[in-house]
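J.: Sharing a structure, written as structure tokens. Questions coming.
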Amino acid sequence: MNYYVAPMEGLTDRVWRQAHQKWFGWAGGPARYYAPFLSPPENRVLIKKKMAELAPEANPGVPVIPQLLARDGELAAWMIGELRKLGYTEVNLNFGCPAGTVTAKGKGSGMLRDPAKLDAFLEAVFSHAEGPISVKTRLGVEKPEEFAAILTIYNRYPISELTIHPRVMRQLYRGQADREAFAAALPQCKPPVCYNGDITTTGQLHALEAEFPTLSGIMIGRGIIADPALFRKALGGPAATKAELRGYLDDLYHGYTELFGSAGCAISRMKGHWFYLIHCFADSEKLEKQLKKLREPWEYETVVNQIFTLPLI
Ligand SMILES: Cc1cc2nc3c(=O)[nH]c(=O)nc-3n(C[C@H](O)[C@H](O)[C@H](O)COP(=O)(O)O)c2cc1C
């Protein structure tokens, strides 16, 4: 079973991928990092700042899989060609993003609204681009029953791996991932299937592996930000120590400060990580509130020092 890190805009960027590998990469896990989505530019001129995220020299080590958010199949195929020139092999297509700003443009899970358009998109991509192309999808827009028609389309193309996040677009991240709908769809899927959604403990991860032994992979997003040692533990390794968490968080903070050229911007990115990670520490409620409000680097550093006096859960 392969373990993958999910793409998460604002969290699993290149600074994070390097820090995570350095501190928690262990004995073969994770197998891949999926990078947050990029939209192919309509004028076909690559945006330097965005492409810096995928510069091969900034992404050494465990393979990184770029992801595209697009609705024009030929444009997506062109961008896949550009990514191949950088040395990337697999490219992932995003049919999962539920954000209103994305779906209003018919992108992300907005692509699932009209199966005929989805089919035309995939036809254009697969007829113009070569090499492994994987897909990350939700079950539909309104209800999971829509997935049967969507899957009929996916099954027509040589998708290298189909990652299913079993929620519908309207749900955003509310409620729970629909394991029943996932289990019902799994035998009908032609491509290898990766499961994604709501796994936060090694117990849940192993239970999922036992329940669905035919999966090619399991992808975890929020759970790995909340516990960066999750895959290491699943592979029989130790839990994160305070010293490791400190080193990891310091690398992130300094990496973001350098990347953004400002500690203030780094703090706002760090708050995104702390939103999930703070729950590693016992009795952290008071400091969590302070962390949310603070703005200045000295305040951030003081509160983080205080958090590190708390015991790990
Ligand atoms: C802040 C945030 C950003 C995300 N960005 C992306 C993205 O760029 N591409 C994508 O396919 N999914 C994105 N997702 C969805 C995750 O990849 C994943 O499907 C979702 O969080 C469910 O998995 P989990 O329960 O393991 O977190 C994002 C999710 C969050 C919370």
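Labels used: A, B, ... for chains in the order of the structure tokens, numbers from 1 for residues in each chain, and numbers from 1 for ligands as shown.
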Can you list every residue in region 53-165 of chain A that DSSP puts in alpha helix (DSSP H), as a ChimeraX atom specification?

T.: /A:73-85,100-103,115-128,147-154

J.: Please, could you write that set of residues out with C-alpha atoms as a CSV table (one decimal), in the first residue's frame?

T.:
```csv
chain,number,residue,atom,x,y,z
A,73,GLY,CA,-8.4,20.0,-22.1
A,74,GLU,CA,-6.0,21.2,-24.8
A,75,LEU,CA,-4.6,23.9,-22.5
A,76,ALA,CA,-4.2,21.3,-19.7
A,77,ALA,CA,-2.4,19.0,-22.2
A,78,TRP,CA,0.0,21.8,-23.1
A,79,MET,CA,0.7,22.4,-19.4
A,80,ILE,CA,1.4,18.7,-18.9
A,81,GLY,CA,3.9,18.9,-21.7
A,82,GLU,CA,5.6,21.9,-19.9
A,83,LEU,CA,5.7,19.9,-16.7
A,84,ARG,CA,7.2,16.9,-18.5
A,85,LYS,CA,10.0,19.2,-19.8
A,100,GLY,CA,-17.0,28.5,-4.8
A,101,THR,CA,-14.5,30.7,-6.7
A,102,VAL,CA,-13.2,27.6,-8.5
A,103,THR,CA,-16.5,25.7,-9.1
A,115,PRO,CA,-20.5,14.6,-17.5
A,116,ALA,CA,-20.4,15.3,-21.2
A,117,LYS,CA,-18.0,18.3,-20.6
A,118,LEU,CA,-15.9,16.1,-18.4
A,119,ASP,CA,-15.7,13.5,-21.1
A,120,ALA,CA,-14.7,16.2,-23.7
A,121,PHE,CA,-12.1,17.5,-21.3
A,122,LEU,CA,-10.5,14.1,-20.7
A,123,GLU,CA,-10.7,13.3,-24.4
A,124,ALA,CA,-8.7,16.4,-25.2
A,125,VAL,CA,-6.2,15.8,-22.5
A,126,PHE,CA,-5.6,12.1,-23.3
A,127,SER,CA,-5.4,12.7,-27.0
A,128,HIS,CA,-2.8,15.5,-26.7
A,147,PHE,CA,-20.7,9.0,-9.3
A,148,ALA,CA,-22.0,6.1,-11.4
A,149,ALA,CA,-22.2,8.3,-14.6
A,150,ILE,CA,-18.9,10.1,-13.7
A,151,LEU,CA,-17.1,6.7,-13.3
A,152,THR,CA,-18.3,5.5,-16.6
A,153,ILE,CA,-16.4,8.4,-18.1
A,154,TYR,CA,-13.2,7.8,-16.0
```

J.: Among region 20-199 of chain A, which residues does DSSP mark as strand (DSSP E or B) when it is run on the backbone? Keep the chain and numbering as in the structure and answer as a ChimeraX atom specification.

T.: /A:26,29,32-38,64-68,91-95,133-137,140,162-164,168,193-196

J.: Could you list, as JSON, numbers by chain, all protein and nucleic acid residues with an atom at most 6 Å from ligand 1, counting only C-alpha atoms and all ligand atoms?

T.: {"A": [6, 7, 8, 9, 36, 37, 94, 96, 97, 165, 196, 197, 198, 199, 220, 221, 222, 223]}

J.: Excluding Gly272 (chain A) and its own-chain neighbours fewer than 2 positions away, which residues fall within 10 Å of it when counting only C-alpha atoms? Please give them as an MDAnalysis selection string.

T.: chainID A and resid 10:11 225 267:270 274:277 292

J.: Let me make sure I understand: among A:Ile224, A:Ala129, A:Val62, A:Ala210, which one has the smallest atom-to-atom distance to Gln21 (chain A) if we use only C-alpha atoms?

T.: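 Among the listed residues, A:Val62 lies closest to Gln21 (chain A).
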
J.: Need to verify the contact set: Lys293 (chain A), 12 Å, only C-alpha atoms, exclusion of same-chain residues closer than 6 positions in sequence. Can you return it as a list in words?

T.: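 These residues fall inside the cut-off: Ile267, Ser268, Lys271, Lys286, Leu287, Glu299, Tyr300 and Val303 of chain A.
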
J.: Separation of CA of Thr309 (chain A) and CA of Lys289 (chain A), in Å?

T.: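 Computing the Euclidean distance for CA of Thr309 (chain A) and CA of Lys289 (chain A) yields 16.3 Å.
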
J.: Which polymer residues have any atom within 12 Å of an atom of Arg138 (chain A), counting only C-alpha atoms, with same-chain residues fewer than 6 positions away left out, as a PDB file with N, CA, C and O atoms, in the first residue's frame?

T.:
```
ATOM      1  N   LEU A  93      -4.957  15.529 -12.221  1.00  0.00           N
ATOM      2  CA  LEU A  93      -6.026  16.471 -12.598  1.00  0.00           C
ATOM      3  C   LEU A  93      -7.000  16.602 -11.434  1.00  0.00           C
ATOM      4  O   LEU A  93      -7.429  15.590 -10.864  1.00  0.00           O
ATOM      5  N   ASN A  94      -7.355  17.836 -11.115  1.00  0.00           N
ATOM      6  CA  ASN A  94      -8.187  18.114  -9.942  1.00  0.00           C
ATOM      7  C   ASN A  94      -9.665  18.245 -10.342  1.00  0.00           C
ATOM      8  O   ASN A  94     -10.051  19.201 -11.013  1.00  0.00           O
ATOM      9  N   PHE A  95     -10.463  17.269  -9.925  1.00  0.00           N
ATOM     10  CA  PHE A  95     -11.923  17.357 -10.073  1.00  0.00           C
ATOM     11  C   PHE A  95     -12.560  17.295  -8.687  1.00  0.00           C
ATOM     12  O   PHE A  95     -13.630  16.713  -8.500  1.00  0.00           O
ATOM     13  N   GLY A  96     -11.834  17.886  -7.719  1.00  0.00           N
ATOM     14  CA  GLY A  96     -12.308  17.765  -6.340  1.00  0.00           C
ATOM     15  C   GLY A  96     -12.515  19.082  -5.636  1.00  0.00           C
ATOM     16  O   GLY A  96     -13.344  19.168  -4.733  1.00  0.00           O
ATOM     17  N   CYS A  97     -11.786  20.137  -6.052  1.00  0.00           N
ATOM     18  CA  CYS A  97     -11.831  21.379  -5.276  1.00  0.00           C
ATOM     19  C   CYS A  97     -13.272  21.910  -5.211  1.00  0.00           C
ATOM     20  O   CYS A  97     -13.900  22.130  -6.248  1.00  0.00           O
ATOM     21  N   PRO A  98     -13.810  22.142  -3.983  1.00  0.00           N
ATOM     22  CA  PRO A  98     -15.192  22.574  -3.854  1.00  0.00           C
ATOM     23  C   PRO A  98     -15.357  24.087  -3.650  1.00  0.00           C
ATOM     24  O   PRO A  98     -16.471  24.565  -3.467  1.00  0.00           O
ATOM     25  N   GLY A 108     -12.403  22.305 -10.958  1.00  0.00           N
ATOM     26  CA  GLY A 108     -12.420  21.489  -9.742  1.00  0.00           C
ATOM     27  C   GLY A 108     -13.640  20.582  -9.744  1.00  0.00           C
ATOM     28  O   GLY A 108     -13.968  19.964 -10.774  1.00  0.00           O
ATOM     29  N   SER A 109     -14.344  20.514  -8.609  1.00  0.00           N
ATOM     30  CA  SER A 109     -15.517  19.635  -8.601  1.00  0.00           C
ATOM     31  C   SER A 109     -16.652  20.221  -9.446  1.00  0.00           C
ATOM     32  O   SER A 109     -17.627  19.518  -9.741  1.00  0.00           O
ATOM     33  N   GLY A 110     -16.515  21.492  -9.872  1.00  0.00           N
ATOM     34  CA  GLY A 110     -17.474  22.068 -10.825  1.00  0.00           C
ATOM     35  C   GLY A 110     -17.460  21.295 -12.140  1.00  0.00           C
ATOM     36  O   GLY A 110     -18.448  21.302 -12.895  1.00  0.00           O
ATOM     37  N   MET A 111     -16.358  20.608 -12.441  1.00  0.00           N
ATOM     38  CA  MET A 111     -16.265  19.790 -13.661  1.00  0.00           C
ATOM     39  C   MET A 111     -17.232  18.607 -13.622  1.00  0.00           C
ATOM     40  O   MET A 111     -17.517  18.002 -14.659  1.00  0.00           O
ATOM     41  N   LEU A 112     -17.687  18.252 -12.410  1.00  0.00           N
ATOM     42  CA  LEU A 112     -18.535  17.058 -12.291  1.00  0.00           C
ATOM     43  C   LEU A 112     -20.008  17.360 -12.582  1.00  0.00           C
ATOM     44  O   LEU A 112     -20.834  16.452 -12.633  1.00  0.00           O
ATOM     45  N   ARG A 113     -20.309  18.660 -12.790  1.00  0.00           N
ATOM     46  CA  ARG A 113     -21.695  19.064 -13.044  1.00  0.00           C
ATOM     47  C   ARG A 113     -22.224  18.508 -14.353  1.00  0.00           C
ATOM     48  O   ARG A 113     -23.390  18.211 -14.492  1.00  0.00           O
ATOM     49  N   PRO A 144     -24.125  11.428  -3.918  1.00  0.00           N
ATOM     50  CA  PRO A 144     -23.150  10.405  -4.327  1.00  0.00           C
ATOM     51  C   PRO A 144     -23.624   9.530  -5.489  1.00  0.00           C
ATOM     52  O   PRO A 144     -22.794   8.962  -6.215  1.00  0.00           O
ATOM     53  N   GLU A 145     -24.922   9.463  -5.703  1.00  0.00           N
ATOM     54  CA  GLU A 145     -25.459   8.635  -6.798  1.00  0.00           C
ATOM     55  C   GLU A 145     -24.957   9.133  -8.163  1.00  0.00           C
ATOM     56  O   GLU A 145     -24.973   8.392  -9.150  1.00  0.00           O
ATOM     57  N   GLU A 146     -24.515  10.400  -8.211  1.00  0.00           N
ATOM     58  CA  GLU A 146     -24.022  10.936  -9.491  1.00  0.00           C
ATOM     59  C   GLU A 146     -22.747  10.211  -9.943  1.00  0.00           C
ATOM     60  O   GLU A 146     -22.363  10.273 -11.108  1.00  0.00           O
ATOM     61  N   PHE A 147     -22.073   9.546  -9.008  1.00  0.00           N
ATOM     62  CA  PHE A 147     -20.745   8.998  -9.330  1.00  0.00           C
ATOM     63  C   PHE A 147     -20.785   7.896 -10.392  1.00  0.00           C
ATOM     64  O   PHE A 147     -19.818   7.739 -11.142  1.00  0.00           O
ATOM     65  N   ALA A 148     -21.901   7.171 -10.461  1.00  0.00           N
ATOM     66  CA  ALA A 148     -21.959   6.076 -11.447  1.00  0.00           C
ATOM     67  C   ALA A 148     -21.702   6.618 -12.863  1.00  0.00           C
ATOM     68  O   ALA A 148     -20.879   6.060 -13.613  1.00  0.00           O
ATOM     69  N   ILE A 150     -20.257   9.468 -13.671  1.00  0.00           N
ATOM     70  CA  ILE A 150     -18.909  10.061 -13.730  1.00  0.00           C
ATOM     71  C   ILE A 150     -17.863   8.951 -13.912  1.00  0.00           C
ATOM     72  O   ILE A 150     -16.942   9.064 -14.723  1.00  0.00           O
ATOM     73  N   LEU A 151     -18.062   7.856 -13.183  1.00  0.00           N
ATOM     74  CA  LEU A 151     -17.103   6.748 -13.258  1.00  0.00           C
ATOM     75  C   LEU A 151     -17.104   6.092 -14.636  1.00  0.00           C
ATOM     76  O   LEU A 151     -16.056   5.679 -15.144  1.00  0.00           O
ATOM     77  N   LEU A 162      -6.802   6.675  -9.718  1.00  0.00           N
ATOM     78  CA  LEU A 162      -7.987   7.499  -9.440  1.00  0.00           C
ATOM     79  C   LEU A 162      -8.110   7.665  -7.930  1.00  0.00           C
ATOM     80  O   LEU A 162      -8.380   6.697  -7.217  1.00  0.00           O
ATOM     81  N   THR A 163      -7.861   8.882  -7.458  1.00  0.00           N
ATOM     82  CA  THR A 163      -8.007   9.146  -6.021  1.00  0.00           C
ATOM     83  C   THR A 163      -9.426   9.638  -5.779  1.00  0.00           C
ATOM     84  O   THR A 163      -9.867  10.611  -6.406  1.00  0.00           O
ATOM     85  N   ILE A 164     -10.124   8.956  -4.895  1.00  0.00           N
ATOM     86  CA  ILE A 164     -11.518   9.321  -4.626  1.00  0.00           C
ATOM     87  C   ILE A 164     -11.630   9.890  -3.220  1.00  0.00           C
ATOM     88  O   ILE A 164     -11.275   9.233  -2.237  1.00  0.00           O
ATOM     89  N   HIS A 165     -12.102  11.122  -3.156  1.00  0.00           N
ATOM     90  CA  HIS A 165     -12.460  11.720  -1.867  1.00  0.00           C
ATOM     91  C   HIS A 165     -13.988  11.633  -1.792  1.00  0.00           C
ATOM     92  O   HIS A 165     -14.675  12.403  -2.486  1.00  0.00           O
ATOM     93  N   PRO A 166     -14.513  10.686  -1.004  1.00  0.00           N
ATOM     94  CA  PRO A 166     -15.956  10.422  -1.117  1.00  0.00           C
ATOM     95  C   PRO A 166     -16.844  11.424  -0.376  1.00  0.00           C
ATOM     96  O   PRO A 166     -17.570  11.094   0.552  1.00  0.00           O
ATOM     97  N   ARG A 167     -16.773  12.645  -0.839  1.00  0.00           N
ATOM     98  CA  ARG A 167     -17.742  13.677  -0.473  1.00  0.00           C
ATOM     99  C   ARG A 167     -18.275  14.252  -1.784  1.00  0.00           C
ATOM    100  O   ARG A 167     -17.660  14.030  -2.842  1.00  0.00           O
ATOM    101  N   VAL A 168     -19.386  15.010  -1.700  1.00  0.00           N
ATOM    102  CA  VAL A 168     -19.853  15.718  -2.897  1.00  0.00           C
ATOM    103  C   VAL A 168     -19.472  17.192  -2.765  1.00  0.00           C
ATOM    104  O   VAL A 168     -19.148  17.659  -1.671  1.00  0.00           O
ATOM    105  N   MET A 169     -19.523  17.897  -3.904  1.00  0.00           N
ATOM    106  CA  MET A 169     -19.103  19.305  -3.930  1.00  0.00           C
ATOM    107  C   MET A 169     -19.829  20.139  -2.887  1.00  0.00           C
ATOM    108  O   MET A 169     -19.212  20.889  -2.141  1.00  0.00           O
ATOM    109  N   ARG A 170     -21.152  19.998  -2.822  1.00  0.00           N
ATOM    110  CA  ARG A 170     -21.969  20.826  -1.917  1.00  0.00           C
ATOM    111  C   ARG A 170     -21.575  20.671  -0.449  1.00  0.00           C
ATOM    112  O   ARG A 170     -21.803  21.543   0.359  1.00  0.00           O
ATOM    113  N   GLN A 171     -21.021  19.516  -0.126  1.00  0.00           N
ATOM    114  CA  GLN A 171     -20.663  19.213   1.269  1.00  0.00           C
ATOM    115  C   GLN A 171     -19.457  20.011   1.748  1.00  0.00           C
ATOM    116  O   GLN A 171     -19.214  20.083   2.944  1.00  0.00           O
ATOM    117  N   LEU A 172     -18.677  20.549   0.826  1.00  0.00           N
ATOM    118  CA  LEU A 172     -17.377  21.138   1.175  1.00  0.00           C
ATOM    119  C   LEU A 172     -16.611  20.118   2.033  1.00  0.00           C
ATOM    120  O   LEU A 172     -16.401  19.009   1.587  1.00  0.00           O
ATOM    121  N   TYR A 173     -16.242  20.477   3.294  1.00  0.00           N
ATOM    122  CA  TYR A 173     -15.581  19.475   4.151  1.00  0.00           C
ATOM    123  C   TYR A 173     -16.492  19.075   5.305  1.00  0.00           C
ATOM    124  O   TYR A 173     -16.036  18.501   6.286  1.00  0.00           O
ATOM    125  N   ALA A 177     -16.709  11.621   5.265  1.00  0.00           N
ATOM    126  CA  ALA A 177     -16.475  10.969   3.977  1.00  0.00           C
ATOM    127  C   ALA A 177     -17.416   9.764   3.909  1.00  0.00           C
ATOM    128  O   ALA A 177     -17.598   9.058   4.903  1.00  0.00           O
ATOM    129  N   ASP A 178     -18.011   9.555   2.729  1.00  0.00           N
ATOM    130  CA  ASP A 178     -19.055   8.535   2.571  1.00  0.00           C
ATOM    131  C   ASP A 178     -18.399   7.192   2.191  1.00  0.00           C
ATOM    132  O   ASP A 178     -18.253   6.857   1.018  1.00  0.00           O
ATOM    133  N   ALA A 181     -20.576   4.753   0.010  1.00  0.00           N
ATOM    134  CA  ALA A 181     -20.604   5.049  -1.428  1.00  0.00           C
ATOM    135  C   ALA A 181     -19.259   4.667  -2.048  1.00  0.00           C
ATOM    136  O   ALA A 181     -19.202   4.160  -3.178  1.00  0.00           O
ATOM    137  N   PHE A 182     -18.170   4.895  -1.307  1.00  0.00           N
ATOM    138  CA  PHE A 182     -16.838   4.526  -1.808  1.00  0.00           C
ATOM    139  C   PHE A 182     -16.753   3.014  -2.024  1.00  0.00           C
ATOM    140  O   PHE A 182     -16.313   2.548  -3.082  1.00  0.00           O
ATOM    141  N   ALA A 185     -18.611   1.884  -5.050  1.00  0.00           N
ATOM    142  CA  ALA A 185     -18.023   2.276  -6.340  1.00  0.00           C
ATOM    143  C   ALA A 185     -16.742   1.498  -6.649  1.00  0.00           C
ATOM    144  O   ALA A 185     -16.434   1.240  -7.825  1.00  0.00           O
ATOM    145  N   TYR A 195      -7.656   5.924  -1.887  1.00  0.00           N
ATOM    146  CA  TYR A 195      -8.704   6.505  -1.026  1.00  0.00           C
ATOM    147  C   TYR A 195      -8.164   7.775  -0.361  1.00  0.00           C
ATOM    148  O   TYR A 195      -7.014   7.817   0.064  1.00  0.00           O
ATOM    149  N   ASN A 196      -9.014   8.763  -0.229  1.00  0.00           N
ATOM    150  CA  ASN A 196      -8.650   9.987   0.504  1.00  0.00           C
ATOM    151  C   ASN A 196      -9.844  10.496   1.310  1.00  0.00           C
ATOM    152  O   ASN A 196     -10.925  10.652   0.770  1.00  0.00           O
ATOM    153  N   GLY A 197      -9.611  10.769   2.592  1.00  0.00           N
ATOM    154  CA  GLY A 197     -10.643  11.462   3.376  1.00  0.00           C
ATOM    155  C   GLY A 197     -10.752  11.042   4.818  1.00  0.00           C
ATOM    156  O   GLY A 197     -10.989   9.871   5.125  1.00  0.00           O
TER     157      GLY A 197
END
```

J.: For Glu161 (chain A), which of A:Val5, A:Val91, A:Val64, A:Val141 is the closest residue, counting only C-alpha atoms?

T.: A:Val91

J.: Given only C-alpha atoms as the basis, pick out the residue of A:Gly140, A:Gly175, A:Pro187, A:Pro297 nearest to Asn155 (chain A).

T.: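 Ranking A:Gly140, A:Gly175, A:Pro187, A:Pro297 by distance to Asn155 (chain A), first place goes to A:Pro187.
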
J.: Can you tell me, as an MDAnalysis selection string, what residues are no more than 12 Å from Arg32 (chain A) when counting only C-alpha atoms, ignoring any on the same chain fewer than 5 positions away?

T.: chainID A and resid 2:7 12 17 20:21 25 59:66 90:92 217:220 231

J.: Between A:Leu230, A:Ala70, A:Ala263, A:Met51, single out the one closest to Asp13 (chain A), counting only C-alpha atoms.

T.: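 That would be A:Met51, the residue with the smallest distance to Asp13 (chain A).
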
J.: If you measure from CA of Arg174 (chain A) to CA of Thr137 (chain A), what distance in Å do you get, rounded to one decimal?

T.: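 Taking CA of Arg174 (chain A) and CA of Thr137 (chain A), their separation equals 16.4 Å.
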
J.: List as a ChimeraX atom specification the protein and nucleic acid residues near Leu86 (chain A), meaning an atom at most 10 Å away when only C-alpha atoms are counted, but skip any in the same chain fewer than 6 places from it.

T.: /A:54-56,80

J.: Grab the residues selected above and save them as a PDB file, in the first residue's frame with all heavy atoms.

T.:
```pdb
ATOM      1  N   LEU A  54       7.500  24.372  -8.291  1.00  0.00           N
ATOM      2  CA  LEU A  54       7.776  23.063  -8.886  1.00  0.00           C
ATOM      3  C   LEU A  54       9.183  22.972  -9.476  1.00  0.00           C
ATOM      4  O   LEU A  54       9.500  22.000 -10.156  1.00  0.00           O
ATOM      5  CB  LEU A  54       6.737  22.746  -9.965  1.00  0.00           C
ATOM      6  CG  LEU A  54       5.319  22.512  -9.431  1.00  0.00           C
ATOM      7  CD1 LEU A  54       4.330  22.404 -10.581  1.00  0.00           C
ATOM      8  CD2 LEU A  54       5.263  21.249  -8.573  1.00  0.00           C
ATOM      9  N   ALA A  55      10.011  23.974  -9.212  1.00  0.00           N
ATOM     10  CA  ALA A  55      11.380  23.912  -9.739  1.00  0.00           C
ATOM     11  C   ALA A  55      12.034  22.644  -9.201  1.00  0.00           C
ATOM     12  O   ALA A  55      12.005  22.399  -7.991  1.00  0.00           O
ATOM     13  CB  ALA A  55      12.156  25.141  -9.282  1.00  0.00           C
ATOM     14  N   PRO A  56      12.613  21.811 -10.095  1.00  0.00           N
ATOM     15  CA  PRO A  56      13.166  20.533  -9.632  1.00  0.00           C
ATOM     16  C   PRO A  56      14.179  20.713  -8.504  1.00  0.00           C
ATOM     17  O   PRO A  56      14.193  19.931  -7.558  1.00  0.00           O
ATOM     18  CB  PRO A  56      13.819  19.951 -10.888  1.00  0.00           C
ATOM     19  CG  PRO A  56      13.096  20.600 -12.018  1.00  0.00           C
ATOM     20  CD  PRO A  56      12.702  21.963 -11.547  1.00  0.00           C
ATOM     21  N   ILE A  80       0.762  19.986 -19.253  1.00  0.00           N
ATOM     22  CA  ILE A  80       1.361  18.689 -18.900  1.00  0.00           C
ATOM     23  C   ILE A  80       2.689  18.544 -19.648  1.00  0.00           C
ATOM     24  O   ILE A  80       3.698  18.123 -19.091  1.00  0.00           O
ATOM     25  CB  ILE A  80       0.385  17.521 -19.217  1.00  0.00           C
ATOM     26  CG1 ILE A  80      -0.806  17.582 -18.243  1.00  0.00           C
ATOM     27  CG2 ILE A  80       1.090  16.159 -19.135  1.00  0.00           C
ATOM     28  CD1 ILE A  80      -1.965  16.647 -18.577  1.00  0.00           C
TER      29      ILE A  80
END
```
